[in-house]
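S.K.: Enclosed is the structure file entry_23.cif (mmCIF, C-alpha atoms).
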```
data_work
loop_
_atom_site.label_atom_id
_atom_site.label_comp_id
_atom_site.auth_asym_id
_atom_site.auth_seq_id
_atom_site.Cartn_x
_atom_site.Cartn_y
_atom_site.Cartn_z
CA GLY M 1 -6.35 -48.03 -25.04
CA ALA M 2 -3.90 -45.93 -23.10
CA VAL M 3 -4.10 -46.00 -19.30
CA VAL M 4 -4.39 -42.94 -17.11
CA SER M 5 -4.19 -43.50 -13.37
CA GLN M 6 -5.67 -41.02 -10.90
CA HIS M 7 -5.32 -41.01 -7.12
CA PRO M 8 -6.93 -40.81 -4.68
CA SER M 9 -10.36 -41.97 -5.85
CA ARG M 10 -12.05 -40.36 -2.90
CA VAL M 11 -10.99 -37.82 -0.30
CA ILE M 12 -12.80 -36.19 2.59
CA CYS M 13 -11.18 -33.19 4.20
CA LYS M 14 -11.89 -30.35 6.57
CA SER M 15 -12.54 -26.86 5.33
CA GLY M 16 -9.32 -24.86 5.03
CA THR M 17 -7.04 -27.79 4.27
CA SER M 18 -5.31 -28.51 0.96
CA VAL M 19 -5.78 -31.62 -1.12
CA LYS M 20 -3.47 -32.99 -3.81
CA ILE M 21 -4.70 -35.18 -6.64
CA GLU M 22 -2.27 -37.10 -8.85
CA CYS M 23 -2.71 -38.03 -12.48
CA ARG M 24 -0.30 -40.42 -14.18
CA SER M 25 -0.08 -41.70 -17.72
CA LEU M 26 1.05 -45.29 -17.23
CA ASP M 27 2.00 -46.47 -20.72
CA PHE M 28 2.63 -43.29 -22.66
CA GLN M 29 4.15 -39.86 -22.32
CA ALA M 30 1.86 -36.88 -22.20
CA THR M 31 3.17 -33.38 -22.77
CA THR M 32 -0.33 -32.15 -22.08
CA MET M 33 -2.84 -33.25 -19.48
CA PHE M 34 -6.24 -31.82 -18.76
CA TRP M 35 -8.18 -31.31 -15.55
CA TYR M 36 -11.95 -31.38 -15.50
CA ARG M 37 -14.57 -30.83 -12.87
CA GLN M 38 -17.96 -32.46 -12.92
CA PHE M 39 -20.98 -31.73 -10.76
CA PRO M 40 -23.74 -34.35 -10.34
CA LYS M 41 -25.66 -34.96 -13.56
CA GLN M 42 -23.61 -32.29 -15.34
CA SER M 43 -21.13 -32.58 -18.17
CA LEU M 44 -17.38 -32.26 -17.90
CA MET M 45 -16.12 -28.75 -17.35
CA LEU M 46 -12.54 -28.10 -18.41
CA MET M 47 -10.66 -26.33 -15.64
CA ALA M 48 -7.14 -26.14 -16.96
CA THR M 49 -4.63 -27.51 -19.41
CA SER M 50 -1.44 -28.76 -17.82
CA ASN M 51 1.73 -28.44 -19.91
CA GLU M 52 4.89 -30.32 -18.98
CA GLY M 53 7.62 -27.94 -17.94
CA SER M 54 5.55 -24.79 -18.19
CA LYS M 55 2.68 -23.01 -16.54
CA ALA M 56 -0.81 -24.38 -16.81
CA THR M 57 -3.45 -22.63 -18.86
CA TYR M 58 -6.62 -21.99 -16.89
CA GLU M 59 -10.12 -21.60 -18.24
CA GLN M 60 -12.02 -18.43 -17.60
CA GLY M 61 -13.41 -18.28 -14.11
CA VAL M 62 -11.02 -20.85 -12.63
CA GLU M 63 -8.83 -19.42 -9.89
CA LYS M 64 -5.15 -20.11 -10.49
CA ASP M 65 -4.23 -19.66 -6.85
CA LYS M 66 -7.00 -21.94 -5.75
CA PHE M 67 -6.27 -24.81 -8.09
CA LEU M 68 -2.51 -25.28 -8.35
CA ILE M 69 -1.32 -27.47 -11.19
CA ASN M 70 2.14 -28.95 -11.50
CA HIS M 71 3.28 -30.99 -14.49
CA ALA M 72 6.85 -31.82 -13.60
CA SER M 73 7.31 -34.86 -15.82
CA LEU M 74 5.89 -36.36 -18.99
CA THR M 75 3.85 -38.86 -16.99
CA LEU M 76 2.67 -36.95 -13.94
CA SER M 77 0.45 -33.94 -13.33
CA THR M 78 -0.92 -32.89 -9.97
CA LEU M 79 -3.84 -30.71 -9.00
CA THR M 80 -3.80 -29.16 -5.54
CA VAL M 81 -6.98 -27.65 -4.20
CA THR M 82 -5.73 -25.08 -1.72
CA SER M 83 -7.71 -23.96 1.32
CA ALA M 84 -10.62 -26.14 0.27
CA HIS M 85 -14.16 -25.06 1.06
CA PRO M 86 -17.45 -26.98 0.84
CA GLU M 87 -18.22 -25.37 -2.52
CA ASP M 88 -15.08 -27.05 -3.91
CA SER M 89 -16.70 -30.42 -3.30
CA SER M 90 -16.97 -32.04 -6.70
CA PHE M 91 -15.76 -34.87 -8.92
CA TYR M 92 -12.36 -34.04 -10.44
CA ILE M 93 -11.12 -35.94 -13.48
CA CYS M 94 -7.82 -35.77 -15.32
CA SER M 95 -7.14 -36.82 -18.88
CA ALA M 96 -4.23 -37.13 -21.25
CA SER M 97 -3.58 -37.81 -24.89
CA PRO M 98 -0.70 -39.86 -26.35
CA MET M 99 1.42 -38.07 -28.92
CA ALA M 100 -0.76 -34.97 -28.80
CA GLY M 101 -3.39 -36.89 -30.72
CA GLU M 102 -7.10 -36.36 -30.68
CA LYS M 103 -7.98 -39.37 -28.53
CA LEU M 104 -8.32 -38.37 -24.91
CA PHE M 105 -8.09 -40.95 -22.15
CA PHE M 106 -9.42 -40.27 -18.70
CA GLY M 107 -8.45 -41.17 -15.17
CA SER M 108 -11.00 -42.78 -12.88
CA GLY M 109 -11.75 -39.49 -11.13
CA THR M 110 -11.49 -38.17 -7.58
CA GLN M 111 -14.53 -37.42 -5.48
CA LEU M 112 -13.65 -34.54 -3.17
CA SER M 113 -15.87 -33.83 -0.20
CA VAL M 114 -15.04 -30.81 1.94
CA LEU M 115 -16.71 -30.71 5.32
CA GLN I 116 -25.89 -21.82 -29.01
CA LYS I 117 -23.49 -24.38 -27.59
CA GLU I 118 -21.05 -25.96 -30.01
CA VAL I 119 -22.19 -29.50 -29.27
CA GLU I 120 -25.81 -30.22 -28.36
CA GLN I 121 -26.89 -33.45 -26.73
CA ASP I 122 -30.19 -34.38 -25.12
CA PRO I 123 -29.47 -35.22 -21.46
CA GLY I 124 -32.32 -37.71 -21.23
CA PRO I 125 -32.85 -39.91 -19.36
CA LEU I 126 -33.48 -42.37 -22.15
CA SER I 127 -35.03 -45.60 -20.93
CA VAL I 128 -35.35 -48.66 -23.19
CA PRO I 129 -36.00 -52.36 -22.59
CA GLU I 130 -33.19 -54.87 -22.69
CA GLY I 131 -32.43 -56.10 -26.20
CA ALA I 132 -33.63 -52.93 -27.92
CA ILE I 133 -31.56 -50.92 -30.35
CA VAL I 134 -30.46 -47.65 -28.79
CA SER I 135 -29.87 -44.49 -30.78
CA LEU I 136 -27.92 -41.65 -29.19
CA ASN I 137 -27.36 -38.42 -31.04
CA CYS I 138 -25.54 -35.11 -31.03
CA THR I 139 -25.54 -32.09 -33.26
CA TYR I 140 -22.72 -29.64 -33.62
CA SER I 141 -22.28 -26.22 -35.10
CA ASN I 142 -18.53 -25.91 -35.76
CA SER I 143 -17.82 -27.02 -39.33
CA ALA I 144 -14.12 -27.30 -38.47
CA PHE I 145 -14.72 -30.42 -36.37
CA GLN I 146 -13.06 -33.42 -38.01
CA TYR I 147 -12.80 -35.97 -35.22
CA PHE I 148 -15.75 -37.38 -33.36
CA MET I 149 -15.76 -39.52 -30.26
CA TRP I 150 -18.19 -41.27 -27.98
CA TYR I 151 -17.40 -41.82 -24.33
CA ARG I 152 -19.25 -43.94 -21.80
CA GLN I 153 -19.26 -42.84 -18.20
CA TYR I 154 -20.52 -44.88 -15.30
CA SER I 155 -21.55 -43.08 -12.14
CA ARG I 156 -18.55 -41.62 -10.28
CA LYS I 157 -16.07 -43.00 -12.81
CA GLY I 158 -13.95 -41.39 -15.47
CA PRO I 159 -15.25 -41.46 -19.07
CA GLU I 160 -14.15 -44.41 -21.20
CA LEU I 161 -13.45 -43.95 -24.90
CA LEU I 162 -15.88 -46.13 -26.87
CA MET I 163 -15.66 -44.98 -30.46
CA TYR I 164 -13.38 -42.71 -32.44
CA THR I 165 -14.25 -41.55 -35.96
CA TYR I 166 -12.57 -39.27 -38.43
CA SER I 167 -14.76 -37.29 -40.84
CA SER I 168 -18.01 -38.68 -42.22
CA GLY I 169 -18.98 -42.32 -42.34
CA ASN I 170 -19.71 -45.30 -40.16
CA LYS I 171 -17.56 -47.26 -37.79
CA GLU I 172 -18.59 -50.50 -36.16
CA ASP I 173 -17.15 -52.20 -33.08
CA GLY I 174 -19.08 -55.16 -31.76
CA ARG I 175 -22.55 -54.01 -30.72
CA PHE I 176 -21.63 -50.35 -31.21
CA THR I 177 -21.86 -48.33 -34.42
CA ALA I 178 -20.81 -44.71 -34.69
CA GLN I 179 -22.13 -42.63 -37.54
CA VAL I 180 -21.06 -39.18 -38.65
CA ASP I 181 -22.86 -37.00 -41.18
CA LYS I 182 -20.81 -33.85 -41.63
CA SER I 183 -23.24 -32.38 -44.15
CA SER I 184 -25.92 -32.16 -41.49
CA LYS I 185 -23.49 -31.88 -38.55
CA TYR I 186 -25.06 -34.87 -36.90
CA ILE I 187 -23.38 -37.71 -35.06
CA SER I 188 -24.95 -40.89 -33.75
CA LEU I 189 -24.11 -43.90 -31.65
CA PHE I 190 -26.16 -47.06 -32.06
CA ILE I 191 -26.11 -49.87 -29.54
CA ARG I 192 -27.52 -53.22 -30.68
CA ASP I 193 -28.86 -55.88 -28.33
CA SER I 194 -28.67 -53.46 -25.43
CA GLN I 195 -27.79 -54.88 -22.02
CA PRO I 196 -28.41 -53.58 -18.49
CA SER I 197 -24.65 -53.12 -18.22
CA ASP I 198 -24.91 -50.51 -20.99
CA SER I 199 -26.75 -48.25 -18.55
CA ALA I 200 -24.50 -45.22 -18.22
CA THR I 201 -24.07 -41.66 -19.43
CA TYR I 202 -22.85 -41.36 -23.00
CA LEU I 203 -20.94 -38.25 -24.01
CA CYS I 204 -20.19 -37.20 -27.54
CA ALA I 205 -17.07 -35.16 -28.21
CA CYS I 206 -15.80 -33.27 -31.22
CA HIS I 207 -12.43 -31.96 -32.19
CA SER I 208 -10.98 -29.97 -35.07
CA GLY I 209 -7.58 -31.65 -35.04
CA GLY I 210 -4.03 -30.69 -34.17
CA GLY I 211 -4.00 -32.03 -30.64
CA ALA I 212 -6.42 -32.96 -27.93
CA ASP I 213 -6.86 -29.45 -26.59
CA GLY I 214 -10.08 -28.00 -27.80
CA LEU I 215 -12.08 -31.21 -27.39
CA THR I 216 -15.69 -30.10 -27.05
CA PHE I 217 -18.10 -32.33 -25.16
CA GLY I 218 -21.84 -32.64 -25.25
CA LYS I 219 -23.69 -32.68 -21.95
CA GLY I 220 -24.12 -36.42 -22.04
CA THR I 221 -27.22 -38.62 -22.35
CA HIS I 222 -28.19 -40.74 -19.37
CA LEU I 223 -29.19 -44.15 -20.72
CA ILE I 224 -31.15 -46.72 -18.72
CA ILE I 225 -31.58 -50.28 -20.01
CA GLN I 226 -34.47 -51.96 -18.25
CA PRO I 227 -33.98 -55.71 -17.55
#
```
Just give me the structure of the file as structure tokens.
M.R.:
Amino acid sequence: GAVVSQHPSRVICKSGTSVKIECRSLDFQATTMFWYRQFPKQSLMLMATSNEGSKATYEQGVEKDKFLINHASLTLSTLTVTSAHPEDSSFYICSASPMAGEKLFFGSGTQLSVL
Amino acid sequence: QKEVEQDPGPLSVPEGAIVSLNCTYSNSAFQYFMWYRQYSRKGPELLMYTYSSGNKEDGRFTAQVDKSSKYISLFIRDSQPSDSATYLCACHSGGGADGLTFGKGTHLIIQP
């Protein structure tokens, strides 16, 4: 299957700092990437859809200014959690689909802990 | 009512047993059905991908879709402790990966 790389796998930061998470499609181009958030023992919650060369589409209740998404190339999308607070601590996962198909491939996830 | 319903479990079975995981859905427009396996603190891994009704087999895994009853299943034969994970079903109506709807996931435990 297609490979999606996500970094870092784990980050611990102080409250008030910003954290950037990278998501790369290694062997395919992705015009669209997706960012999910997952709390312990909960399902995936779609946060936003990242579109190459245009603004991201955010799900209801997700703060655009809090979670900045940049999709500058066909293989890279970044999620920046700005002014992180302890309640932002969660597992963040990106995904992408080759050729806008229905199969979605996921990165390995980033565990964010805000102290 | 959520679009995709899945029992969160946990489901605990002995090693070697046949495991049956299920989801129901309400949106008749769904055409594509997927099963993902997720280990703790890892991203989901695509296991099975099925279009429309029917069965699909891959090694010890069989995916089954019954569109008439809006019911999808994943069977695992000769279950192994390494199969212990959370299994998520996902449905899609087509036309691109946006709009993929996930179930909550079933936590499966295979007892050695």
S.K.: Nearest to chain I among M:Phe67, M:Val3, M:Val81, M:Ser73, with distances taken over all atoms listed in the file: which residue is it?
M.R.: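 Once distances to chain I are computed over all atoms listed in the file, the minimum belongs to M:Val3.
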S.K.: What do you get, as a ChimeraX atom specification, if you spell out every residue that the PyMOL selection byres ((chain I) within 8 of (chain M)) selects here?
M.R.: /I:147,149,156-161,164,207,209-213,215,217-220
S.K.: I need the output of the PyMOL selection byres ((chain I and resi 117-132) around 6) for this file as a PDB file with C-alpha atoms, in the coordinates of the input; which residues are they?
M.R.:
```pdb
ATOM      1  CA  GLN I 116     -25.890 -21.820 -29.010  1.00  0.00           C
ATOM      2  CA  ILE I 133     -31.560 -50.920 -30.350  1.00  0.00           C
ATOM      3  CA  CYS I 138     -25.540 -35.110 -31.030  1.00  0.00           C
ATOM      4  CA  THR I 139     -25.540 -32.090 -33.260  1.00  0.00           C
ATOM      5  CA  TYR I 140     -22.720 -29.640 -33.620  1.00  0.00           C
ATOM      6  CA  SER I 141     -22.280 -26.220 -35.100  1.00  0.00           C
ATOM      7  CA  ASP I 193     -28.860 -55.880 -28.330  1.00  0.00           C
ATOM      8  CA  SER I 194     -28.670 -53.460 -25.430  1.00  0.00           C
ATOM      9  CA  GLN I 195     -27.790 -54.880 -22.020  1.00  0.00           C
ATOM     10  CA  GLY I 218     -21.840 -32.640 -25.250  1.00  0.00           C
ATOM     11  CA  LYS I 219     -23.690 -32.680 -21.950  1.00  0.00           C
ATOM     12  CA  GLY I 220     -24.120 -36.420 -22.040  1.00  0.00           C
ATOM     13  CA  THR I 221     -27.220 -38.620 -22.350  1.00  0.00           C
ATOM     14  CA  HIS I 222     -28.190 -40.740 -19.370  1.00  0.00           C
ATOM     15  CA  LEU I 223     -29.190 -44.150 -20.720  1.00  0.00           C
ATOM     16  CA  ILE I 224     -31.150 -46.720 -18.720  1.00  0.00           C
ATOM     17  CA  ILE I 225     -31.580 -50.280 -20.010  1.00  0.00           C
ATOM     18  CA  GLN I 226     -34.470 -51.960 -18.250  1.00  0.00           C
ATOM     19  CA  PRO I 227     -33.980 -55.710 -17.550  1.00  0.00           C
TER      20      PRO I 227
END
```
S.K.: Run the PyMOL selection byres ((chain M and resi 26) around 9) mentally over the shown coordinates, then write out the matched residues as an mmCIF file with C-alpha atoms, in the coordinates of the input, using the chain letters and numbers from the document.
M.R.:
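Final file, selection32.cif:
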```cif
data_model
loop_
_atom_site.group_PDB
_atom_site.id
_atom_site.type_symbol
_atom_site.label_atom_id
_atom_site.label_comp_id
_atom_site.auth_asym_id
_atom_site.auth_seq_id
_atom_site.Cartn_x
_atom_site.Cartn_y
_atom_site.Cartn_z
ATOM 1 C CA ALA M 2 -3.900 -45.930 -23.100
ATOM 2 C CA VAL M 3 -4.100 -46.000 -19.300
ATOM 3 C CA VAL M 4 -4.390 -42.940 -17.110
ATOM 4 C CA SER M 5 -4.190 -43.500 -13.370
ATOM 5 C CA ARG M 24 -0.300 -40.420 -14.180
ATOM 6 C CA SER M 25 -0.080 -41.700 -17.720
ATOM 7 C CA ASP M 27 2.000 -46.470 -20.720
ATOM 8 C CA PHE M 28 2.630 -43.290 -22.660
ATOM 9 C CA GLN M 29 4.150 -39.860 -22.320
ATOM 10 C CA THR M 75 3.850 -38.860 -16.990
#
```
S.K.: Interatomic distance between CA of Val180 (chain I) and CA of Ser167 (chain I)?
M.R.: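 Separation of CA of Val180 (chain I) and CA of Ser167 (chain I): 6.9 Å.
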S.K.: In Å to one decimal, how far is CA of His7 (chain M) from CA of Lys20 (chain M)?
M.R.: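 If I compute the distance from CA of Lys20 (chain M) to CA of His7 (chain M), I get 8.9 Å.
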S.K.: At what distance in Å, to one decimal, does CA of Ala144 (chain I) lie from CA of Ser183 (chain I)?
M.R.: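 Value for the CA of Ser183 (chain I)-CA of Ala144 (chain I) distance: 11.9 Å.
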